[in-house]
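Chemist: So here's coords15.pdb (PDB, C-alpha atoms).
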ATOM      1  CA  MET A   1     -47.241  76.047  26.422  1.00  0.00           C
ATOM      2  CA  GLU A   2     -45.349  72.932  25.428  1.00  0.00           C
ATOM      3  CA  ASP A   3     -41.529  73.079  25.190  1.00  0.00           C
ATOM      4  CA  VAL A   4     -41.513  72.679  21.396  1.00  0.00           C
ATOM      5  CA  GLN A   5     -44.020  75.484  20.946  1.00  0.00           C
ATOM      6  CA  LEU A   6     -42.160  77.728  23.376  1.00  0.00           C
ATOM      7  CA  VAL A   7     -38.840  77.099  21.615  1.00  0.00           C
ATOM      8  CA  HIS A   8     -40.465  77.885  18.268  1.00  0.00           C
ATOM      9  CA  ALA A   9     -41.997  81.058  19.711  1.00  0.00           C
ATOM     10  CA  LEU A  10     -38.581  82.158  21.008  1.00  0.00           C
ATOM     11  CA  GLN A  11     -36.806  81.256  17.775  1.00  0.00           C
ATOM     12  CA  THR A  12     -39.310  83.226  15.716  1.00  0.00           C
ATOM     13  CA  ARG A  13     -39.234  86.104  18.239  1.00  0.00           C
ATOM     14  CA  GLN A  14     -42.986  86.010  18.861  1.00  0.00           C
ATOM     15  CA  ALA A  15     -44.472  88.577  21.214  1.00  0.00           C
ATOM     16  CA  GLY A  16     -44.799  87.311  24.768  1.00  0.00           C
ATOM     17  CA  ALA A  17     -42.446  84.353  24.259  1.00  0.00           C
ATOM     18  CA  VAL A  18     -39.792  85.718  26.608  1.00  0.00           C
ATOM     19  CA  GLU A  19     -42.336  86.299  29.358  1.00  0.00           C
ATOM     20  CA  GLN A  20     -43.706  82.775  28.927  1.00  0.00           C
ATOM     21  CA  PHE A  21     -40.193  81.370  29.022  1.00  0.00           C
ATOM     22  CA  GLN A  22     -39.359  83.302  32.172  1.00  0.00           C
ATOM     23  CA  THR A  23     -42.544  82.187  33.894  1.00  0.00           C
ATOM     24  CA  ALA A  24     -41.926  78.562  32.996  1.00  0.00           C
ATOM     25  CA  TYR A  25     -38.173  78.275  33.542  1.00  0.00           C
ATOM     26  CA  THR A  26     -36.945  80.944  35.971  1.00  0.00           C
ATOM     27  CA  PRO A  27     -37.559  78.657  38.981  1.00  0.00           C
ATOM     28  CA  LEU A  28     -35.395  75.947  37.379  1.00  0.00           C
ATOM     29  CA  LEU A  29     -32.663  78.433  36.521  1.00  0.00           C
ATOM     30  CA  ARG A  30     -32.671  79.837  40.069  1.00  0.00           C
ATOM     31  CA  TYR A  31     -32.504  76.279  41.452  1.00  0.00           C
ATOM     32  CA  ILE A  32     -29.403  75.569  39.363  1.00  0.00           C
ATOM     33  CA  ILE A  33     -27.689  78.873  40.163  1.00  0.00           C
ATOM     34  CA  ALA A  34     -28.371  78.991  43.930  1.00  0.00           C
ATOM     35  CA  PRO A  35     -25.860  76.396  45.191  1.00  0.00           C
ATOM     36  CA  ILE A  36     -23.111  77.758  42.943  1.00  0.00           C
ATOM     37  CA  LEU A  37     -23.512  81.469  43.761  1.00  0.00           C
ATOM     38  CA  PRO A  38     -24.262  82.256  47.404  1.00  0.00           C
ATOM     39  CA  ASP A  39     -24.639  86.029  46.891  1.00  0.00           C
ATOM     40  CA  ALA A  40     -28.184  87.098  45.892  1.00  0.00           C
ATOM     41  CA  ARG A  41     -26.927  89.899  43.661  1.00  0.00           C
ATOM     42  CA  ASP A  42     -24.604  87.503  41.813  1.00  0.00           C
ATOM     43  CA  ARG A  43     -27.505  85.090  41.346  1.00  0.00           C
ATOM     44  CA  GLU A  44     -29.690  87.807  39.808  1.00  0.00           C
ATOM     45  CA  GLU A  45     -26.923  89.010  37.496  1.00  0.00           C
ATOM     46  CA  CYS A  46     -26.221  85.432  36.467  1.00  0.00           C
ATOM     47  CA  LEU A  47     -29.923  84.853  35.799  1.00  0.00           C
ATOM     48  CA  SER A  48     -29.948  87.921  33.547  1.00  0.00           C
ATOM     49  CA  ASP A  49     -26.854  86.624  31.742  1.00  0.00           C
ATOM     50  CA  VAL A  50     -28.514  83.244  31.218  1.00  0.00           C
ATOM     51  CA  LEU A  51     -31.694  84.807  29.856  1.00  0.00           C
ATOM     52  CA  LEU A  52     -29.625  86.868  27.424  1.00  0.00           C
ATOM     53  CA  ARG A  53     -27.679  83.764  26.366  1.00  0.00           C
ATOM     54  CA  VAL A  54     -30.924  81.867  25.814  1.00  0.00           C
ATOM     55  CA  TRP A  55     -32.248  84.715  23.668  1.00  0.00           C
ATOM     56  CA  ASP A  56     -28.988  84.881  21.680  1.00  0.00           C
ATOM     57  CA  SER A  57     -28.521  81.146  21.191  1.00  0.00           C
ATOM     58  CA  ILE A  58     -32.042  79.658  21.090  1.00  0.00           C
ATOM     59  CA  GLY A  59     -31.655  79.432  17.329  1.00  0.00           C
ATOM     60  CA  THR A  60     -28.919  76.828  17.816  1.00  0.00           C
ATOM     61  CA  PHE A  61     -31.041  74.669  20.116  1.00  0.00           C
ATOM     62  CA  ASP A  62     -31.961  71.372  18.463  1.00  0.00           C
ATOM     63  CA  PRO A  63     -34.695  69.366  20.227  1.00  0.00           C
ATOM     64  CA  GLY A  64     -33.431  66.289  18.385  1.00  0.00           C
ATOM     65  CA  LYS A  65     -30.134  66.449  20.282  1.00  0.00           C
ATOM     66  CA  ALA A  66     -31.329  67.188  23.817  1.00  0.00           C
ATOM     67  CA  ALA A  67     -34.320  68.162  25.904  1.00  0.00           C
ATOM     68  CA  LEU A  68     -34.798  71.866  26.523  1.00  0.00           C
ATOM     69  CA  THR A  69     -34.273  71.398  30.265  1.00  0.00           C
ATOM     70  CA  THR A  70     -30.967  69.602  29.620  1.00  0.00           C
ATOM     71  CA  TRP A  71     -29.768  72.405  27.361  1.00  0.00           C
ATOM     72  CA  LEU A  72     -30.878  75.037  29.881  1.00  0.00           C
ATOM     73  CA  THR A  73     -29.242  73.189  32.765  1.00  0.00           C
ATOM     74  CA  HIS A  74     -25.934  73.024  30.936  1.00  0.00           C
ATOM     75  CA  LEU A  75     -26.104  76.659  29.845  1.00  0.00           C
ATOM     76  CA  THR A  76     -27.094  77.883  33.322  1.00  0.00           C
ATOM     77  CA  ARG A  77     -24.571  75.798  35.216  1.00  0.00           C
ATOM     78  CA  SER A  78     -21.759  76.978  32.932  1.00  0.00           C
ATOM     79  CA  ALA A  79     -22.759  80.618  33.354  1.00  0.00           C
ATOM     80  CA  ALA A  80     -22.912  80.298  37.147  1.00  0.00           C
ATOM     81  CA  LEU A  81     -19.565  78.503  37.361  1.00  0.00           C
ATOM     82  CA  ASN A  82     -17.948  81.100  35.112  1.00  0.00           C
ATOM     83  CA  ARG A  83     -19.272  83.906  37.309  1.00  0.00           C
ATOM     84  CA  ARG A  84     -17.989  82.129  40.421  1.00  0.00           C
ATOM     85  CA  ARG A  85     -14.543  81.638  38.859  1.00  0.00           C
ATOM     86  CA  GLY A  86     -14.435  85.309  37.942  1.00  0.00           C
ATOM     87  CA  ASN A  87     -15.442  86.314  41.472  1.00  0.00           C
ATOM     88  CA  GLU A  88     -12.762  84.072  42.967  1.00  0.00           C
ATOM     89  CA  ARG A  89     -10.150  85.494  40.622  1.00  0.00           C
ATOM     90  CA  ARG A  90     -11.088  89.054  41.580  1.00  0.00           C
ATOM     91  CA  ARG A  91     -10.989  88.189  45.300  1.00  0.00           C
ATOM     92  CA  GLU A  92      -7.506  86.758  44.814  1.00  0.00           C
ATOM     93  CA  GLY A  93      -6.411  90.078  43.367  1.00  0.00           C
ATOM     94  CA  GLY A  94      -6.392  89.324  39.650  1.00  0.00           C
ATOM     95  CA  THR A  95      -8.393  91.679  37.477  1.00  0.00           C
ATOM     96  CA  LEU A  96      -8.929  92.014  33.779  1.00  0.00           C
ATOM     97  CA  ASP A  97      -7.189  95.338  33.491  1.00  0.00           C
ATOM     98  CA  GLU A  98      -4.125  94.776  35.665  1.00  0.00           C
ATOM     99  CA  THR A  99      -1.676  91.959  36.215  1.00  0.00           C
ATOM    100  CA  MET A 100      -0.278  91.031  39.569  1.00  0.00           C
ATOM    101  CA  PRO A 101       3.355  92.042  39.722  1.00  0.00           C
ATOM    102  CA  ASP A 102       5.739  89.110  39.663  1.00  0.00           C
ATOM    103  CA  SER A 103       7.891  89.098  42.773  1.00  0.00           C
ATOM    104  CA  ALA A 104      10.961  88.530  40.557  1.00  0.00           C
ATOM    105  CA  ASP A 105      10.171  91.665  38.533  1.00  0.00           C
ATOM    106  CA  GLY A 106      11.431  95.054  39.460  1.00  0.00           C
ATOM    107  CA  PRO A 107       9.111  98.068  39.685  1.00  0.00           C
ATOM    108  CA  GLU A 108       9.817  99.056  36.078  1.00  0.00           C
ATOM    109  CA  GLN A 109       8.931  95.609  34.718  1.00  0.00           C
ATOM    110  CA  SER A 110       5.780  95.527  36.845  1.00  0.00           C
ATOM    111  CA  LEU A 111       4.683  98.879  35.431  1.00  0.00           C
ATOM    112  CA  LEU A 112       5.296  97.698  31.870  1.00  0.00           C
ATOM    113  CA  LYS A 113       3.254  94.530  32.467  1.00  0.00           C
ATOM    114  CA  ALA A 114       0.386  96.484  34.019  1.00  0.00           C
ATOM    115  CA  GLU A 115       0.393  98.939  31.092  1.00  0.00           C
ATOM    116  CA  ALA A 116       0.407  96.090  28.573  1.00  0.00           C
ATOM    117  CA  ALA A 117      -2.542  94.504  30.385  1.00  0.00           C
ATOM    118  CA  ARG A 118      -4.490  97.796  30.341  1.00  0.00           C
ATOM    119  CA  THR A 119      -3.768  98.230  26.633  1.00  0.00           C
ATOM    120  CA  LEU A 120      -4.907  94.668  25.892  1.00  0.00           C
ATOM    121  CA  TRP A 121      -8.079  95.091  27.930  1.00  0.00           C
ATOM    122  CA  ALA A 122      -8.901  98.332  26.092  1.00  0.00           C
ATOM    123  CA  ALA A 123      -8.523  96.475  22.773  1.00  0.00           C
ATOM    124  CA  VAL A 124     -10.706  93.606  24.030  1.00  0.00           C
ATOM    125  CA  GLU A 125     -13.391  96.103  25.070  1.00  0.00           C
ATOM    126  CA  ARG A 126     -13.455  97.443  21.508  1.00  0.00           C
ATOM    127  CA  LEU A 127     -14.283  93.995  20.104  1.00  0.00           C
ATOM    128  CA  GLY A 128     -17.863  93.210  19.185  1.00  0.00           C
ATOM    129  CA  ARG A 129     -19.948  91.681  21.983  1.00  0.00           C
ATOM    130  CA  ARG A 130     -19.800  88.121  20.622  1.00  0.00           C
ATOM    131  CA  ASP A 131     -16.065  88.226  19.894  1.00  0.00           C
ATOM    132  CA  ARG A 132     -15.366  89.744  23.311  1.00  0.00           C
ATOM    133  CA  GLU A 133     -17.449  87.037  25.001  1.00  0.00           C
ATOM    134  CA  LEU A 134     -15.666  84.302  23.057  1.00  0.00           C
ATOM    135  CA  PHE A 135     -12.247  85.767  23.884  1.00  0.00           C
ATOM    136  CA  LEU A 136     -13.053  86.071  27.595  1.00  0.00           C
ATOM    137  CA  ARG A 137     -14.568  82.606  27.816  1.00  0.00           C
ATOM    138  CA  LYS A 138     -11.386  81.083  26.392  1.00  0.00           C
ATOM    139  CA  TYR A 139      -8.638  83.267  27.823  1.00  0.00           C
ATOM    140  CA  TYR A 140     -10.115  84.661  31.041  1.00  0.00           C
ATOM    141  CA  TYR A 141     -12.429  81.894  32.236  1.00  0.00           C
ATOM    142  CA  TYR A 142     -10.271  79.164  30.667  1.00  0.00           C
ATOM    143  CA  GLN A 143     -13.238  77.298  29.254  1.00  0.00           C
ATOM    144  CA  PRO A 144     -12.414  74.389  26.975  1.00  0.00           C
ATOM    145  CA  ILE A 145     -13.080  75.028  23.301  1.00  0.00           C
ATOM    146  CA  ALA A 146     -15.379  71.987  23.194  1.00  0.00           C
ATOM    147  CA  GLN A 147     -17.590  73.537  25.885  1.00  0.00           C
ATOM    148  CA  ILE A 148     -17.695  76.884  24.106  1.00  0.00           C
ATOM    149  CA  ALA A 149     -18.576  75.142  20.843  1.00  0.00           C
ATOM    150  CA  ALA A 150     -21.340  73.061  22.437  1.00  0.00           C
ATOM    151  CA  GLU A 151     -22.939  76.060  24.128  1.00  0.00           C
ATOM    152  CA  SER A 152     -22.762  78.296  21.098  1.00  0.00           C
ATOM    153  CA  GLY A 153     -23.919  75.715  18.559  1.00  0.00           C
ATOM    154  CA  LEU A 154     -20.671  75.881  16.597  1.00  0.00           C
ATOM    155  CA  THR A 155     -18.139  73.227  15.698  1.00  0.00           C
ATOM    156  CA  VAL A 156     -14.844  73.062  17.541  1.00  0.00           C
ATOM    157  CA  ARG A 157     -13.073  74.067  14.304  1.00  0.00           C
ATOM    158  CA  ALA A 158     -15.340  77.105  13.916  1.00  0.00           C
ATOM    159  CA  VAL A 159     -14.579  78.276  17.457  1.00  0.00           C
ATOM    160  CA  GLU A 160     -10.856  77.714  16.911  1.00  0.00           C
ATOM    161  CA  GLY A 161     -11.055  79.721  13.691  1.00  0.00           C
ATOM    162  CA  LYS A 162     -12.923  82.577  15.370  1.00  0.00           C
ATOM    163  CA  LEU A 163     -10.402  82.661  18.230  1.00  0.00           C
ATOM    164  CA  TYR A 164      -7.537  82.687  15.738  1.00  0.00           C
ATOM    165  CA  ARG A 165      -9.059  85.648  13.876  1.00  0.00           C
ATOM    166  CA  ILE A 166      -9.719  87.489  17.153  1.00  0.00           C
ATOM    167  CA  ARG A 167      -6.099  86.967  18.256  1.00  0.00           C
ATOM    168  CA  LYS A 168      -4.798  88.130  14.869  1.00  0.00           C
ATOM    169  CA  HIS A 169      -7.040  91.211  15.026  1.00  0.00           C
ATOM    170  CA  LEU A 170      -5.823  92.071  18.531  1.00  0.00           C
ATOM    171  CA  GLN A 171      -2.249  91.388  17.509  1.00  0.00           C
ATOM    172  CA  SER A 172      -2.464  93.790  14.571  1.00  0.00           C
ATOM    173  CA  GLU A 173      -4.279  96.400  16.680  1.00  0.00           C
ATOM    174  CA  LEU A 174      -1.606  96.206  19.374  1.00  0.00           C
ATOM    175  CA  GLY A 175       1.302  96.190  16.966  1.00  0.00           C
ATOM    176  CA  GLY A 176       2.260  92.533  17.363  1.00  0.00           C
ATOM    177  CA  VAL A 177       2.466  92.597  21.155  1.00  0.00           C
ATOM    178  CA  ILE A 178       0.365  89.436  21.691  1.00  0.00           C
ATOM    179  CA  HIS A 179       1.763  85.977  21.082  1.00  0.00           C
ATOM    180  CA  GLY A 180      -0.287  82.794  20.757  1.00  0.00           C
TER
END
Turn the structure described in the file into structure tokens.

Modeler:
Amino acid sequence: MEDVQLVHALQTRQAGAVEQFQTAYTPLLRYIIAPILPDARDREECLSDVLLRVWDSIGTFDPGKAALTTWLTHLTRSAALNRRRGNERRREGGTLDETMPDSADGPEQSLLKAEAARTLWAAVERLGRRDRELFLRKYYYYQPIAQIAAESGLTVRAVEGKLYRIRKHLQSELGGVIHG
């Protein structure tokens, strides 16, 4: 099946389109992921993430702007790099639900920071999937807004607006604890 037909089949959610896409493009996706993620399990999880992202965002793909393989390469590479950054952060001791105690802080201050981080993470987990992903991409993976906008098919202003609303929502849910 030609790229244009396959994209149309995915966009219109035709039966068998996902299987055809996987057959045609999984080797390319694995090729892109392999040098970035050495662990086989990480590669498989990343591949699953990419396939989900393709399914969620194929509607934003515009063949007039780029070739399908270019779009897929960018999407896949970003997903793999984000996973690697997250893995490195976890190996260094940082996690989403706890902060590393500052050596200048006393035990009481460290406990308060860890509790605040747990409370924030619980609020982030209650966000919708898309809002949570957007929040994590910006504030956990430190992705530039331009990259997030390009991959999600939104304008930079739209992403900024969504992030602003997410922060305001979290701020009101947490009683004004967050600043930014």

Chemist: Mind dumping a table of every range 26-67 of chain A residue within 8 Å of range 4-12 of chain A, with the nearest atom pair and its distance in Å to one decimal, using all atoms listed in the file, sorted by chain and rising number, as JSON lines?

Modeler:
{"residue": "A:Trp55", "atom": "CA", "partner": "A:Leu10", "partner_atom": "CA", "distance": 7.3}
{"residue": "A:Ile58", "atom": "CA", "partner": "A:Gln11", "partner_atom": "CA", "distance": 6.0}
{"residue": "A:Gly59", "atom": "CA", "partner": "A:Gln11", "partner_atom": "CA", "distance": 5.5}
{"residue": "A:Pro63", "atom": "CA", "partner": "A:Val4", "partner_atom": "CA", "distance": 7.7}

Chemist: Excluding Tyr142 in chain A and residues on its chain fewer than 5 positions from it, collect all residues at most 12 Å away from it, counting all atoms listed in the file, and give them as JSON, numbers by chain.

Modeler: {"A": [78, 81, 82, 85, 86, 89, 134, 135, 136, 137, 147, 148]}

Chemist: Just checking: using all atoms listed in the file, which residue out of A:Glu160, A:Asp42, A:Glu151, A:Glu173 ends up closest to Asp56 in chain A?

Modeler: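 For Asp56 in chain A, the nearest of the given residues is A:Glu151.
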
Chemist: Take the PyMOL selection byres ((chain A and resi 69) around 12), run it mentally on this structure, and tell me the resulting residues as a PyMOL selection string.

Modeler: chain A and resi 3-4+7+21+24-29+32+54+61+63+65-68+70-77

Chemist: Output, as AutoDock Vina command-line options, the centre and edge lengths in Å (one decimal) of the axis-aligned box that contains all listed atoms of range 149-167 of chain A with 4 Å of margin on each side.

Modeler:
--center_x -15.0 --center_y 80.3 --center_z 18.9 --size_x 25.8 --size_y 22.4 --size_z 18.4

Chemist: Could you tell me how far CA of Ala116 in chain A lies from CA of Gly128 in chain A, in Å and to one decimal?

Modeler: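 These two atoms are separated by 20.7 Å.
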
Chemist: One decimal, Å: what's the distance from CA of Lys138 in chain A over to CA of Glu108 in chain A, could you say?

Modeler: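 Computing the Euclidean distance for CA of Lys138 in chain A and CA of Glu108 in chain A yields 29.4 Å.
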
Chemist: Quick check, in Å to one decimal: how far apart do CA of Ile33 in chain A and CA of Ala80 in chain A lie?

Modeler: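 Interatomic distance, CA of Ile33 in chain A to CA of Ala80 in chain A: 5.8 Å.
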
Chemist: When you count all atoms listed in the file, which of these residues is closest to Ala150 in chain A: A:Thr60, A:Ala17, A:Glu44, A:Thr23?

Modeler: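 Smallest separation from Ala150 in chain A among the options: A:Thr60.
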
Chemist: For Ala79 in chain A, list every protein, DNA or RNA residue within 7 Å, evaluated using all atoms listed in the file, and leave out those in the same chain fewer than 4 positions away; present the list as a PDB file with C-alpha atoms, keeping the file's coordinate frame.

Modeler:
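Listing of result33.pdb after writing:
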ATOM      1  CA  CYS A  46     -26.221  85.432  36.467  1.00  0.00           C
ATOM      2  CA  VAL A  50     -28.514  83.244  31.218  1.00  0.00           C
ATOM      3  CA  LEU A  75     -26.104  76.659  29.845  1.00  0.00           C
ATOM      4  CA  ARG A  83     -19.272  83.906  37.309  1.00  0.00           C
TER       5      ARG A  83
END

Chemist: Rank nothing, just name the residue among A:Ala34, A:Gln22, A:Arg53, A:Arg91 nearest to Arg129 in chain A, using only C-alpha atoms.

Modeler: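 Once distances to Arg129 in chain A are computed over only C-alpha atoms, the minimum belongs to A:Arg53.
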
Chemist: Using only C-alpha atoms, find the one residue out of A:Thr119, A:Leu37, A:Glu45, A:Asp62 that sits nearest to Glu88 in chain A.

Modeler: A:Leu37
